[in-house]
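Participant: First the structure, which I've put down as structure tokens, then a few questions once you've had a look.
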Amino acid sequence: MDVHNVTADAEAFTCNAYLALGDSPTLVDAGAMPGVVDVVRDHTDHLDRVVLTHQHGDHVSELDAVLDAFECDCYAYGDHPRRTHAIEDGDTATIGDEEFEAVYTPGHAGDHLAFVSETTLFSGDVVVHDDGAFDYGSFGRTDMPGQSRERLIQSIEDLLDRMPDGVEHMYSGHGGIFHGDVRDVVETSLERASKRDPKYPDDD
């Protein structure tokens with residue numbers, strides 16, 4: 001599967017929005033970068049769907065622009081005026097040319113989903129490879145209202161239970177793309193989250 005981070009050159013704060021090409025071109029999250037539609041069009045004239053990991057602003061600010069430009073479907077766990085397909089824990093979704101299982105992973109966001117196939121994990125913000133806090137295994141922040149470290153820990157455990165051993169590609173909502181032993185990265189994230197220390201010094 002050919003995957004491109006279409007917000008890689010953003011100057012403003014945004015998530016990583018991933019365009020997965022293949023039999024069914026799919027955008028995982030729309031991001032918050034003005035002009036993301038033009039970047040997608042550099043790679044394809046057609047999108048089948050946008051799949052949302054969750055609806056924080058850095059993941060959905062450009063959603064209307066993408067949906068208007070490509071007239072495609074929108075898959076999401078949480079309610080949204082533009083959602084065309086509700087997707088829940090255990091449902092499947094085609095991303096690029098692979099079938100992915102949706103894993104409900106709240107804690108960072110109440111509507112958070114991760115998507116896992118036999119080879120690939122789109123983890124959103126539940127776990128990331130690297131960020132400003134940790135390299136090689138970090139996790140979504142949980143110090144804002146409505147977030148829960150305890151629920152995030154459970155979500156990472158659930159993700160590990162549902163993730164095949166052969167997953168080698170990890171595309172997270174922030175930080176770098178990782179190719180290798182994804183399970184080890186996620187296990188490292190769980191170890192760090194389970195210490196329950198503040199992720200950032202200014203966490204409550």
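To be explicit about the labels: the chains of the structure tokens are called A, B, and onward in the order shown, and within each one the residues are counted from 1, while ligands get numbers from 1 in the order they are shown.
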Write out as a ChimeraX atom specification each polymer residue whose atoms come within 9 Å of A:Gly180, counting only C-alpha atoms; drop sequence neighbours fewer than 3 positions from it.
Facilitator: /A:167-170,183-185
Participant: Write out as a list in words each polymer residue whose atoms come within 9 Å of A:Thr105, counting only C-alpha atoms; drop sequence neighbours fewer than 2 positions from it.
Facilitator: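 Result of the neighbour search: Asp89, Val103, Gly107, His108, Ala109, Gly110, Asp111, His112, Leu113, Ala114, Val126, Arg151, Leu152, Gln154, Ser155, Ile156, Asp158 and Leu159 of chain A.
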Participant: Extract the full set of alpha helix (DSSP H) residues from stretch 26-165 of chain A according to DSSP on the backbone, and format it as a PyMOL selection string.
Facilitator: chain A and resi 36-41+57-60+63-70+149-162
Participant: Let me see the file: selected residues, N, CA and C atoms, as an mmCIF file, in the first residue's frame.
Facilitator:
data_model
loop_
_atom_site.group_PDB
_atom_site.id
_atom_site.type_symbol
_atom_site.label_atom_id
_atom_site.label_comp_id
_atom_site.auth_asym_id
_atom_site.auth_seq_id
_atom_site.Cartn_x
_atom_site.Cartn_y
_atom_site.Cartn_z
ATOM 1 N N VAL A 36 -4.685 21.312 1.825
ATOM 2 C CA VAL A 36 -4.490 19.860 1.813
ATOM 3 C C VAL A 36 -5.158 19.223 0.598
ATOM 4 N N VAL A 37 -6.247 19.814 0.127
ATOM 5 C CA VAL A 37 -6.924 19.275 -1.061
ATOM 6 C C VAL A 37 -5.970 19.262 -2.257
ATOM 7 N N ASP A 38 -5.196 20.322 -2.427
ATOM 8 C CA ASP A 38 -4.261 20.391 -3.547
ATOM 9 C C ASP A 38 -3.188 19.309 -3.440
ATOM 10 N N VAL A 39 -2.753 19.032 -2.216
ATOM 11 C CA VAL A 39 -1.729 18.000 -2.034
ATOM 12 C C VAL A 39 -2.303 16.627 -2.370
ATOM 13 N N VAL A 40 -3.532 16.372 -1.928
ATOM 14 C CA VAL A 40 -4.172 15.104 -2.277
ATOM 15 C C VAL A 40 -4.282 14.981 -3.792
ATOM 16 N N ARG A 41 -4.657 16.065 -4.455
ATOM 17 C CA ARG A 41 -4.819 16.037 -5.911
ATOM 18 C C ARG A 41 -3.497 15.834 -6.652
ATOM 19 N N GLY A 57 -9.778 19.219 16.546
ATOM 20 C CA GLY A 57 -9.663 20.180 15.463
ATOM 21 C C GLY A 57 -8.493 19.953 14.534
ATOM 22 N N ASP A 58 -7.367 19.494 15.075
ATOM 23 C CA ASP A 58 -6.202 19.287 14.225
ATOM 24 C C ASP A 58 -6.374 18.104 13.273
ATOM 25 N N HIS A 59 -7.434 17.327 13.481
ATOM 26 C CA HIS A 59 -7.710 16.180 12.616
ATOM 27 C C HIS A 59 -8.851 16.435 11.632
ATOM 28 N N VAL A 60 -9.690 17.446 11.910
ATOM 29 C CA VAL A 60 -10.901 17.604 11.080
ATOM 30 C C VAL A 60 -11.128 19.017 10.545
ATOM 31 N N LEU A 63 -11.848 18.986 6.972
ATOM 32 C CA LEU A 63 -12.732 17.915 6.519
ATOM 33 C C LEU A 63 -13.749 18.404 5.501
ATOM 34 N N ASP A 64 -14.403 19.530 5.774
ATOM 35 C CA ASP A 64 -15.399 20.041 4.822
ATOM 36 C C ASP A 64 -14.773 20.293 3.457
ATOM 37 N N ALA A 65 -13.589 20.868 3.437
ATOM 38 C CA ALA A 65 -12.930 21.172 2.170
ATOM 39 C C ALA A 65 -12.649 19.891 1.382
ATOM 40 N N VAL A 66 -12.200 18.859 2.071
ATOM 41 C CA VAL A 66 -11.899 17.597 1.398
ATOM 42 C C VAL A 66 -13.172 16.949 0.876
ATOM 43 N N LEU A 67 -14.200 16.900 1.711
ATOM 44 C CA LEU A 67 -15.449 16.264 1.298
ATOM 45 C C LEU A 67 -16.100 17.023 0.138
ATOM 46 N N ASP A 68 -16.030 18.332 0.192
ATOM 47 C CA ASP A 68 -16.595 19.128 -0.910
ATOM 48 C C ASP A 68 -15.826 18.906 -2.209
ATOM 49 N N ALA A 69 -14.518 18.792 -2.109
ATOM 50 C CA ALA A 69 -13.691 18.667 -3.312
ATOM 51 C C ALA A 69 -13.840 17.307 -3.980
ATOM 52 N N PHE A 70 -13.965 16.256 -3.178
ATOM 53 C CA PHE A 70 -13.938 14.904 -3.740
ATOM 54 C C PHE A 70 -15.296 14.196 -3.684
ATOM 55 N N ARG A 149 -6.315 9.189 31.591
ATOM 56 C CA ARG A 149 -5.141 8.329 31.472
ATOM 57 C C ARG A 149 -5.520 6.867 31.699
ATOM 58 N N GLU A 150 -6.405 6.614 32.671
ATOM 59 C CA GLU A 150 -6.783 5.233 32.944
ATOM 60 C C GLU A 150 -7.449 4.596 31.731
ATOM 61 N N ARG A 151 -8.327 5.343 31.072
ATOM 62 C CA ARG A 151 -9.009 4.782 29.901
ATOM 63 C C ARG A 151 -8.044 4.626 28.735
ATOM 64 N N LEU A 152 -7.080 5.528 28.628
ATOM 65 C CA LEU A 152 -6.076 5.403 27.577
ATOM 66 C C LEU A 152 -5.247 4.140 27.769
ATOM 67 N N ILE A 153 -4.864 3.867 28.994
ATOM 68 C CA ILE A 153 -4.098 2.650 29.277
ATOM 69 C C ILE A 153 -4.884 1.419 28.843
ATOM 70 N N GLN A 154 -6.168 1.374 29.201
ATOM 71 C CA GLN A 154 -7.008 0.257 28.783
ATOM 72 C C GLN A 154 -7.088 0.164 27.259
ATOM 73 N N SER A 155 -7.159 1.311 26.602
ATOM 74 C CA SER A 155 -7.237 1.327 25.145
ATOM 75 C C SER A 155 -5.974 0.755 24.512
ATOM 76 N N ILE A 156 -4.815 1.100 25.054
ATOM 77 C CA ILE A 156 -3.568 0.556 24.505
ATOM 78 C C ILE A 156 -3.508 -0.947 24.727
ATOM 79 N N GLU A 157 -3.975 -1.407 25.882
ATOM 80 C CA GLU A 157 -4.034 -2.844 26.138
ATOM 81 C C GLU A 157 -4.970 -3.533 25.151
ATOM 82 N N ASP A 158 -6.123 -2.915 24.899
ATOM 83 C CA ASP A 158 -7.067 -3.481 23.928
ATOM 84 C C ASP A 158 -6.452 -3.544 22.536
ATOM 85 N N LEU A 159 -5.730 -2.496 22.175
ATOM 86 C CA LEU A 159 -5.093 -2.456 20.861
ATOM 87 C C LEU A 159 -4.077 -3.583 20.722
ATOM 88 N N LEU A 160 -3.282 -3.811 21.746
ATOM 89 C CA LEU A 160 -2.299 -4.896 21.707
ATOM 90 C C LEU A 160 -2.988 -6.249 21.576
ATOM 91 N N ASP A 161 -4.113 -6.414 22.259
ATOM 92 C CA ASP A 161 -4.848 -7.679 22.181
ATOM 93 C C ASP A 161 -5.371 -7.949 20.769
ATOM 94 N N ARG A 162 -5.689 -6.896 20.053
ATOM 95 C CA ARG A 162 -6.338 -7.028 18.744
ATOM 96 C C ARG A 162 -5.360 -6.923 17.578
#
Participant: Excluding same-chain residues fewer than 4 positions from A:Ala102, what lies within 8 Å of it counting only C-alpha atoms, as a count of residues only?
Facilitator: 11
Participant: Tell me which protein, DNA and RNA residues are within 7 Å of stretch 6-22 of chain A, counting only C-alpha atoms, leaving out same-chain ones fewer than 3 positions away, and put them as an MDAnalysis selection string.
Facilitator: chainID A and resid 1:3 25:33 36 39:40 58:59 95:97 173:174
Participant: Please produce a file of those selected residues containing N, CA and C atoms, as a JSON list (two decimals), in the first residue's frame.
Facilitator:
[["chain", "number", "residue", "atom", "x", "y", "z"],
["A", 1, "MET", "N", 0.85, -1.19, 0.00],
["A", 1, "MET", "CA", 0.00, 0.00, 0.00],
["A", 1, "MET", "C", 0.88, 1.24, 0.00],
["A", 2, "ASP", "N", 0.54, 2.18, -0.83],
["A", 2, "ASP", "CA", 1.31, 3.41, -1.00],
["A", 2, "ASP", "C", 0.67, 4.49, -0.13],
["A", 3, "VAL", "N", 1.38, 4.94, 0.91],
["A", 3, "VAL", "CA", 0.84, 5.89, 1.88],
["A", 3, "VAL", "C", 1.66, 7.17, 1.87],
["A", 25, "PRO", "N", -8.75, 4.54, -2.87],
["A", 25, "PRO", "CA", -8.02, 5.66, -2.26],
["A", 25, "PRO", "C", -8.77, 6.24, -1.05],
["A", 26, "THR", "N", -8.06, 6.35, 0.05],
["A", 26, "THR", "CA", -8.67, 6.73, 1.32],
["A", 26, "THR", "C", -7.78, 7.74, 2.03],
["A", 27, "LEU", "N", -8.38, 8.74, 2.64],
["A", 27, "LEU", "CA", -7.66, 9.70, 3.47],
["A", 27, "LEU", "C", -7.97, 9.40, 4.94],
["A", 28, "VAL", "N", -6.94, 9.14, 5.71],
["A", 28, "VAL", "CA", -7.11, 8.92, 7.14],
["A", 28, "VAL", "C", -6.87, 10.24, 7.84],
["A", 29, "ASP", "N", -7.96, 10.85, 8.29],
["A", 29, "ASP", "CA", -7.99, 12.19, 8.89],
["A", 29, "ASP", "C", -7.74, 13.25, 7.81],
["A", 30, "ALA", "N", -8.34, 14.40, 8.04],
["A", 30, "ALA", "CA", -8.24, 15.48, 7.04],
["A", 30, "ALA", "C", -7.23, 16.54, 7.44],
["A", 31, "GLY", "N", -6.89, 16.60, 8.71],
["A", 31, "GLY", "CA", -5.90, 17.56, 9.17],
["A", 31, "GLY", "C", -6.42, 18.98, 9.25],
["A", 32, "ALA", "N", -5.48, 19.90, 9.48],
["A", 32, "ALA", "CA", -5.83, 21.30, 9.65],
["A", 32, "ALA", "C", -4.95, 22.20, 8.79],
["A", 33, "MET", "N", -4.40, 21.64, 7.72],
["A", 33, "MET", "CA", -3.51, 22.41, 6.85],
["A", 33, "MET", "C", -4.29, 22.97, 5.68],
["A", 36, "VAL", "N", -4.69, 21.31, 1.83],
["A", 36, "VAL", "CA", -4.49, 19.86, 1.81],
["A", 36, "VAL", "C", -5.16, 19.22, 0.60],
["A", 39, "VAL", "N", -2.75, 19.03, -2.22],
["A", 39, "VAL", "CA", -1.73, 18.00, -2.03],
["A", 39, "VAL", "C", -2.30, 16.63, -2.37],
["A", 40, "VAL", "N", -3.53, 16.37, -1.93],
["A", 40, "VAL", "CA", -4.17, 15.10, -2.28],
["A", 40, "VAL", "C", -4.28, 14.98, -3.79],
["A", 58, "ASP", "N", -7.37, 19.49, 15.07],
["A", 58, "ASP", "CA", -6.20, 19.29, 14.23],
["A", 58, "ASP", "C", -6.37, 18.10, 13.27],
["A", 59, "HIS", "N", -7.43, 17.33, 13.48],
["A", 59, "HIS", "CA", -7.71, 16.18, 12.62],
["A", 59, "HIS", "C", -8.85, 16.43, 11.63],
["A", 95, "ILE", "N", -9.03, 0.71, 3.57],
["A", 95, "ILE", "CA", -8.11, 1.84, 3.50],
["A", 95, "ILE", "C", -7.05, 1.48, 2.47],
["A", 96, "GLY", "N", -7.05, 2.19, 1.34],
["A", 96, "GLY", "CA", -6.12, 1.85, 0.27],
["A", 96, "GLY", "C", -6.52, 0.54, -0.37],
["A", 97, "ASP", "N", -5.72, -0.49, -0.16],
["A", 97, "ASP", "CA", -6.05, -1.80, -0.70],
["A", 97, "ASP", "C", -6.05, -2.88, 0.38],
["A", 173, "GLY", "N", -0.90, 9.86, 14.42],
["A", 173, "GLY", "CA", -1.42, 11.19, 14.20],
["A", 173, "GLY", "C", -0.40, 12.30, 14.34],
["A", 174, "HIS", "N", 0.69, 12.02, 15.01],
["A", 174, "HIS", "CA", 1.77, 12.99, 15.18],
["A", 174, "HIS", "C", 3.09, 12.23, 15.18]]
Participant: Could you give me, as a PyMOL selection string, each residue of stretch 20-129 of chain A that DSSP assigns to strand (DSSP E or B) when run on this structure's backbone?
Facilitator: chain A and resi 20-21+24+26-28+49-51+73-76+85-86+92-96+98-104+113-116+120-124+127-128
Participant: Export, as a tab-separated table (two decimals), in the first residue's frame, the selected residues with C-alpha atoms.
Facilitator:
chain	number	residue	atom	x	y	z
A	20	ALA	CA	-3.55	5.59	1.26
A	21	LEU	CA	-3.54	4.81	-2.44
A	24	SER	CA	-9.78	2.31	-2.84
A	26	THR	CA	-8.67	6.73	1.32
A	27	LEU	CA	-7.66	9.70	3.47
A	28	VAL	CA	-7.11	8.92	7.14
A	49	ARG	CA	-13.64	7.99	1.64
A	50	VAL	CA	-12.23	9.90	4.56
A	51	VAL	CA	-11.81	7.79	7.70
A	73	ASP	CA	-17.90	9.27	2.01
A	74	CYS	CA	-16.95	10.01	5.61
A	75	TYR	CA	-16.54	7.27	8.18
A	76	ALA	CA	-16.46	8.23	11.88
A	85	HIS	CA	-21.09	5.92	7.70
A	86	ALA	CA	-21.00	5.29	11.43
A	92	THR	CA	-14.08	-3.10	9.12
A	93	ALA	CA	-13.10	-0.35	6.69
A	94	THR	CA	-11.13	-0.44	3.46
A	95	ILE	CA	-8.11	1.84	3.50
A	96	GLY	CA	-6.12	1.85	0.27
A	98	GLU	CA	-6.34	-3.45	2.72
A	99	GLU	CA	-9.17	-4.26	5.12
A	100	PHE	CA	-8.74	-2.72	8.56
A	101	GLU	CA	-10.49	-3.48	11.83
A	102	ALA	CA	-11.63	-0.50	13.89
A	103	VAL	CA	-10.53	-0.67	17.52
A	104	TYR	CA	-12.28	1.70	19.93
A	113	LEU	CA	-10.58	4.74	16.82
A	114	ALA	CA	-7.39	3.04	15.71
A	115	PHE	CA	-7.35	0.96	12.52
A	116	VAL	CA	-5.32	-2.23	12.22
A	120	THR	CA	-0.40	-1.82	9.20
A	121	LEU	CA	-1.60	0.33	12.11
A	122	PHE	CA	-3.18	3.77	11.77
A	123	SER	CA	-3.03	4.68	15.44
A	124	GLY	CA	-4.32	8.25	15.51
A	127	VAL	CA	-0.04	5.87	20.58
A	128	VAL	CA	2.65	7.55	18.48
Participant: Name all residues at most 7 Å from stretch 129-135 of chain A (count only C-alpha atoms; drop same-chain ones fewer than 4 positions away) and give them as a VMD selection string.
Facilitator: chain A and resid 174 to 176 178 185 199 to 200
Participant: Could you save the residues just selected, with C-alpha atoms, as a PDB file, in the first residue's frame?
Facilitator:
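For reference, out.pdb as written:
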ATOM      1  CA  HIS A 174       1.772  12.989  15.185  1.00  0.00           C
ATOM      2  CA  GLY A 175       5.483  12.314  14.946  1.00  0.00           C
ATOM      3  CA  GLY A 176       7.236  10.141  12.438  1.00  0.00           C
ATOM      4  CA  PHE A 178       7.642   3.865  11.699  1.00  0.00           C
ATOM      5  CA  VAL A 185       6.635   0.396  19.994  1.00  0.00           C
ATOM      6  CA  LYS A 199       3.522  13.348  29.935  1.00  0.00           C
ATOM      7  CA  TYR A 200       4.528  17.005  29.929  1.00  0.00           C
TER       8      TYR A 200
END
